[in-house]
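Trainee: Input: one structure, supplied below.
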Amino acid sequence: GIYINRSAQDVFDFVMDLGRTPEWRPRMSGAEWITPGEPGVGSKFKVSARALGYTFNFELEVTDWDPPHYFAYVGKQGPVSIKSFMEWLPDGDGCRFFIGGEPEANNLMIKILRPAFEYTLLKQNRADFDRLKEIMESGKDRAPAR
């Protein structure tokens, strides 16, 4: 996780604006809600992500929704199943933002590549945290998406 000198609500609102995901997670070429209406448990969204030279497309479903504190989701198709969460904990004038979860390989090749996949994902998440912190603390989140 990372400390961001902005409120949990501000960071949550930016992160949940899925159209802006590529701004802070550049390996994500796209993300969008596919269930109409306000997000909540059972809502679905899709993401496209690049890792290890491949593009993975996932349809994910919200399993826990407690704005602006907690968000969890699962995805069960493709070569990797995902069970993941994001958490925003108030801390003074800012918040601590965490991402966690476990990918599970659904085929032999991905099982073999799992250590490389996990190392790459951890490294990318750390860089994503730094980008998110810079965007939020500089006020760039207030600018319209490009």
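In the structure tokens, each chain is lettered A, B, ... as it comes, each chain's residues begin at 1, and ligands are numbered from 1 in order of appearance.
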Could you list, as a list in words, every residue within 7 Å of stretch 62-66 of chain A, counting only C-alpha atoms and ignoring same-chain residues fewer than 4 positions away?

Mentor: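 My list of contacting residues is Gly40, Val41, Gly42, Ser43, Lys44, Tyr70, Phe71, Ala72, Tyr73 and Val74 of chain A.
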
Trainee: Please produce an output containing N, CA and C atoms for each residue in the selection, written as a PDB file, in the first residue's frame.

Mentor:
ATOM      1  N   GLY A  40     -22.245  -1.606  -7.158  1.00  0.00           N
ATOM      2  CA  GLY A  40     -22.494  -2.246  -5.873  1.00  0.00           C
ATOM      3  C   GLY A  40     -22.222  -3.731  -6.009  1.00  0.00           C
ATOM      4  N   VAL A  41     -22.488  -4.484  -4.955  1.00  0.00           N
ATOM      5  CA  VAL A  41     -22.290  -5.928  -4.995  1.00  0.00           C
ATOM      6  C   VAL A  41     -23.089  -6.496  -6.170  1.00  0.00           C
ATOM      7  N   GLY A  42     -22.432  -7.315  -6.978  1.00  0.00           N
ATOM      8  CA  GLY A  42     -23.054  -7.907  -8.159  1.00  0.00           C
ATOM      9  C   GLY A  42     -22.805  -7.131  -9.438  1.00  0.00           C
ATOM     10  N   SER A  43     -22.364  -5.865  -9.335  1.00  0.00           N
ATOM     11  CA  SER A  43     -22.036  -5.088 -10.536  1.00  0.00           C
ATOM     12  C   SER A  43     -20.866  -5.733 -11.260  1.00  0.00           C
ATOM     13  N   LYS A  44     -20.854  -5.576 -12.567  1.00  0.00           N
ATOM     14  CA  LYS A  44     -19.766  -6.136 -13.374  1.00  0.00           C
ATOM     15  C   LYS A  44     -19.026  -5.026 -14.097  1.00  0.00           C
ATOM     16  N   TYR A  70     -13.784   0.078   1.058  1.00  0.00           N
ATOM     17  CA  TYR A  70     -13.414  -1.271   0.632  1.00  0.00           C
ATOM     18  C   TYR A  70     -14.170  -1.660  -0.632  1.00  0.00           C
ATOM     19  N   PHE A  71     -13.468  -2.407  -1.495  1.00  0.00           N
ATOM     20  CA  PHE A  71     -14.014  -2.865  -2.765  1.00  0.00           C
ATOM     21  C   PHE A  71     -13.333  -4.195  -3.079  1.00  0.00           C
ATOM     22  N   ALA A  72     -14.106  -5.244  -3.319  1.00  0.00           N
ATOM     23  CA  ALA A  72     -13.528  -6.550  -3.663  1.00  0.00           C
ATOM     24  C   ALA A  72     -14.234  -7.088  -4.893  1.00  0.00           C
ATOM     25  N   TYR A  73     -13.504  -7.916  -5.651  1.00  0.00           N
ATOM     26  CA  TYR A  73     -14.054  -8.434  -6.899  1.00  0.00           C
ATOM     27  C   TYR A  73     -13.409  -9.764  -7.260  1.00  0.00           C
ATOM     28  N   VAL A  74     -14.087 -10.496  -8.153  1.00  0.00           N
ATOM     29  CA  VAL A  74     -13.577 -11.768  -8.657  1.00  0.00           C
ATOM     30  C   VAL A  74     -13.763 -11.814 -10.171  1.00  0.00           C
TER      31      VAL A  74
END

Trainee: Running DSSP on the backbone, which parts of stretch 11-138 of chain A land in strand (DSSP E), as a ChimeraX atom specification?

Mentor: /A:28-33,44-51,54-66,70-75,80-91,94-105

Trainee: Quick one: distance from atom CA of A:Glu32 to atom CA of A:Ser7 in Å, one decimal?

Mentor: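 For atom CA of A:Glu32 relative to atom CA of A:Ser7, the distance reads 23.5 Å.
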
Trainee: Which is closest to A:Gln124 among A:Met28, A:Met136, A:Ala8, A:Ile112, if we use only C-alpha atoms?

Mentor: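 The closest residue to A:Gln124 is A:Met28.
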
Trainee: Please list as an mmCIF file with C-alpha atoms, in the first residue's frame every residue within 8 Å of stretch 82-90 of chain A, counting only C-alpha atoms and excluding residues in the same chain fewer than 3 positions away.

Mentor:
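Below is the file around.cif, written as the result:
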data_model
loop_
_atom_site.group_PDB
_atom_site.id
_atom_site.type_symbol
_atom_site.label_atom_id
_atom_site.label_comp_id
_atom_site.auth_asym_id
_atom_site.auth_seq_id
_atom_site.Cartn_x
_atom_site.Cartn_y
_atom_site.Cartn_z
ATOM 1 C CA SER A 7 -9.039 11.916 1.692
ATOM 2 C CA ALA A 8 -10.141 8.309 1.284
ATOM 3 C CA VAL A 11 -8.898 8.614 -3.813
ATOM 4 C CA PHE A 12 -11.840 6.186 -3.933
ATOM 5 C CA PRO A 68 -15.086 4.829 0.350
ATOM 6 C CA HIS A 69 -13.367 2.102 2.359
ATOM 7 C CA TYR A 70 -13.414 -1.271 0.632
ATOM 8 C CA PHE A 71 -14.014 -2.865 -2.765
ATOM 9 C CA ALA A 72 -13.528 -6.550 -3.663
ATOM 10 C CA TYR A 73 -14.054 -8.434 -6.899
ATOM 11 C CA VAL A 74 -13.577 -11.768 -8.657
ATOM 12 C CA GLY A 75 -13.030 -12.901 -12.213
ATOM 13 C CA LYS A 76 -13.252 -16.520 -13.298
ATOM 14 C CA ASP A 93 -5.461 14.274 6.573
ATOM 15 C CA GLY A 94 -4.877 11.526 4.004
ATOM 16 C CA CYS A 95 -5.402 7.825 3.577
ATOM 17 C CA ARG A 96 -3.565 4.582 3.083
ATOM 18 C CA PHE A 97 -4.496 2.782 -0.122
ATOM 19 C CA PHE A 98 -3.969 -0.963 -0.503
ATOM 20 C CA ILE A 99 -4.450 -3.471 -3.307
ATOM 21 C CA GLY A 100 -4.294 -7.196 -2.621
ATOM 22 C CA GLY A 101 -5.430 -10.480 -3.980
ATOM 23 C CA GLU A 102 -4.488 -13.784 -5.457
ATOM 24 C CA PRO A 103 -4.309 -14.824 -9.079
ATOM 25 C CA GLU A 104 -4.938 -18.498 -9.737
#

Trainee: Which distance in Å separates atom CA of A:Asp17 and atom CA of A:Gly139, to one decimal?

Mentor: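 Computing it gives 15.4 Å between the two atoms.
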
Trainee: Take atom CA of A:Asn5 and atom CA of A:Asp91 and report the distance between them in Å, one decimal.

Mentor: 8.8 Å

Trainee: Using backbone DSSP assignments, extract all helix (DSSP H, G or I) residues from stretch 4-75 of chain A; output them as a PyMOL selection string.

Mentor: chain A and resi 8-16+18-24

Trainee: Would you mind exporting all heavy atoms of the selected residues as a tab-separated table (two decimals), in the first residue's frame?

Mentor:
chain	number	residue	atom	x	y	z
A	8	ALA	N	-9.76	9.62	1.82
A	8	ALA	CA	-10.14	8.31	1.28
A	8	ALA	C	-11.22	8.48	0.22
A	8	ALA	O	-11.19	7.82	-0.82
A	8	ALA	CB	-10.63	7.40	2.40
A	9	GLN	N	-12.18	9.40	0.45
A	9	GLN	CA	-13.25	9.63	-0.53
A	9	GLN	C	-12.69	10.12	-1.85
A	9	GLN	O	-13.09	9.63	-2.92
A	9	GLN	CB	-14.27	10.63	0.02
A	9	GLN	CG	-15.48	10.81	-0.89
A	9	GLN	CD	-16.39	9.59	-0.90
A	9	GLN	OE1	-16.89	9.20	0.15
A	9	GLN	NE2	-16.59	8.99	-2.06
A	10	ASP	N	-11.75	11.07	-1.82
A	10	ASP	CA	-11.16	11.59	-3.06
A	10	ASP	C	-10.46	10.48	-3.85
A	10	ASP	O	-10.62	10.36	-5.06
A	10	ASP	CB	-10.14	12.70	-2.77
A	10	ASP	CG	-10.77	14.02	-2.37
A	10	ASP	OD1	-12.01	14.18	-2.50
A	10	ASP	OD2	-10.02	14.90	-1.90
A	11	VAL	N	-9.65	9.68	-3.14
A	11	VAL	CA	-8.90	8.61	-3.81
A	11	VAL	C	-9.86	7.54	-4.33
A	11	VAL	O	-9.73	7.08	-5.46
A	11	VAL	CB	-7.80	8.04	-2.90
A	11	VAL	CG1	-7.03	6.93	-3.62
A	11	VAL	CG2	-6.84	9.13	-2.43
A	12	PHE	N	-10.83	7.16	-3.51
A	12	PHE	CA	-11.84	6.19	-3.93
A	12	PHE	C	-12.55	6.66	-5.20
A	12	PHE	O	-12.69	5.91	-6.16
A	12	PHE	CB	-12.84	5.96	-2.80
A	12	PHE	CG	-13.95	5.01	-3.15
A	12	PHE	CD1	-13.80	3.65	-2.94
A	12	PHE	CD2	-15.15	5.47	-3.69
A	12	PHE	CE1	-14.82	2.76	-3.27
A	12	PHE	CE2	-16.17	4.59	-4.01
A	12	PHE	CZ	-16.00	3.23	-3.81
A	13	ASP	N	-13.01	7.91	-5.20
A	13	ASP	CA	-13.75	8.44	-6.36
A	13	ASP	C	-12.91	8.37	-7.62
A	13	ASP	O	-13.40	8.00	-8.69
A	13	ASP	CB	-14.21	9.87	-6.10
A	13	ASP	CG	-15.33	9.97	-5.07
A	13	ASP	OD1	-15.96	8.93	-4.74
A	13	ASP	OD2	-15.57	11.09	-4.58
A	14	PHE	N	-11.63	8.73	-7.53
A	14	PHE	CA	-10.76	8.70	-8.70
A	14	PHE	C	-10.54	7.26	-9.18
A	14	PHE	O	-10.66	6.96	-10.37
A	14	PHE	CB	-9.42	9.38	-8.41
A	14	PHE	CG	-8.51	9.41	-9.60
A	14	PHE	CD1	-8.72	10.29	-10.64
A	14	PHE	CD2	-7.44	8.54	-9.68
A	14	PHE	CE1	-7.89	10.31	-11.75
A	14	PHE	CE2	-6.60	8.54	-10.79
A	14	PHE	CZ	-6.82	9.43	-11.82
A	15	VAL	N	-10.21	6.37	-8.26
A	15	VAL	CA	-9.93	4.97	-8.62
A	15	VAL	C	-11.18	4.29	-9.21
A	15	VAL	O	-11.08	3.52	-10.16
A	15	VAL	CB	-9.39	4.19	-7.40
A	15	VAL	CG1	-9.33	2.70	-7.66
A	15	VAL	CG2	-7.99	4.72	-7.03
A	16	MET	N	-12.35	4.61	-8.69
A	16	MET	CA	-13.58	3.98	-9.17
A	16	MET	C	-14.11	4.62	-10.46
A	16	MET	O	-15.05	4.10	-11.06
A	16	MET	CB	-14.67	4.03	-8.10
A	16	MET	CG	-14.39	3.11	-6.92
A	16	MET	SD	-14.40	1.35	-7.35
A	16	MET	CE	-12.66	1.01	-7.54
A	18	LEU	N	-13.51	4.27	-13.57
A	18	LEU	CA	-12.74	3.27	-14.30
A	18	LEU	C	-12.19	3.76	-15.63
A	18	LEU	O	-11.15	3.29	-16.08
A	18	LEU	CB	-13.58	2.01	-14.51
A	18	LEU	CG	-14.01	1.27	-13.25
A	18	LEU	CD1	-14.72	-0.04	-13.61
A	18	LEU	CD2	-12.84	0.99	-12.33
A	19	GLY	N	-12.85	4.72	-16.25
A	19	GLY	CA	-12.33	5.27	-17.50
A	19	GLY	C	-10.98	5.93	-17.34
A	19	GLY	O	-10.24	6.09	-18.30
A	20	ARG	N	-10.63	6.31	-16.11
A	20	ARG	CA	-9.34	6.96	-15.84
A	20	ARG	C	-8.26	5.98	-15.38
A	20	ARG	O	-7.13	6.38	-15.10
A	20	ARG	CB	-9.54	8.07	-14.81
A	20	ARG	CG	-10.48	9.17	-15.39
A	20	ARG	CD	-10.55	10.37	-14.57
A	20	ARG	NE	-9.33	11.16	-14.75
A	20	ARG	CZ	-9.16	12.37	-14.21
A	20	ARG	NH1	-10.10	12.90	-13.47
A	20	ARG	NH2	-8.03	13.02	-14.40
A	21	THR	N	-8.60	4.69	-15.30
A	21	THR	CA	-7.65	3.69	-14.83
A	21	THR	C	-6.31	3.73	-15.57
A	21	THR	O	-5.26	3.67	-14.93
A	21	THR	CB	-8.28	2.28	-14.90
A	21	THR	OG1	-9.44	2.25	-14.07
A	21	THR	CG2	-7.30	1.21	-14.46
A	22	PRO	N	-6.29	3.85	-16.91
A	22	PRO	CA	-4.99	3.87	-17.60
A	22	PRO	C	-4.08	5.04	-17.18
A	22	PRO	O	-2.87	4.96	-17.38
A	22	PRO	CB	-5.37	3.97	-19.08
A	22	PRO	CG	-6.74	3.37	-19.16
A	22	PRO	CD	-7.40	3.80	-17.87
A	23	GLU	N	-4.64	6.10	-16.59
A	23	GLU	CA	-3.81	7.22	-16.15
A	23	GLU	C	-2.86	6.80	-15.03
A	23	GLU	O	-1.74	7.30	-14.94
A	23	GLU	CB	-4.68	8.38	-15.64
A	23	GLU	CG	-5.46	9.07	-16.74
A	23	GLU	CD	-6.33	10.19	-16.20
A	23	GLU	OE1	-5.83	11.03	-15.42
A	23	GLU	OE2	-7.52	10.21	-16.55
A	24	TRP	N	-3.31	5.90	-14.15
A	24	TRP	CA	-2.46	5.52	-13.03
A	24	TRP	C	-2.01	4.07	-13.11
A	24	TRP	O	-1.11	3.66	-12.38
A	24	TRP	CB	-3.13	5.83	-11.69
A	24	TRP	CG	-4.34	5.03	-11.34
A	24	TRP	CD1	-5.61	5.20	-11.81
A	24	TRP	CD2	-4.40	3.93	-10.43
A	24	TRP	NE1	-6.46	4.28	-11.25
A	24	TRP	CE2	-5.74	3.50	-10.39
A	24	TRP	CE3	-3.46	3.28	-9.63
A	24	TRP	CZ2	-6.16	2.43	-9.59
A	24	TRP	CZ3	-3.87	2.23	-8.84
A	24	TRP	CH2	-5.21	1.82	-8.83

Trainee: So that I can check the surroundings of A:Asn57, please list as a count of residues only every protein, DNA and RNA residue that reaches within 7 Å of it, counting only C-alpha atoms and ignoring chain neighbours fewer than 5 positions away.

Mentor: 3
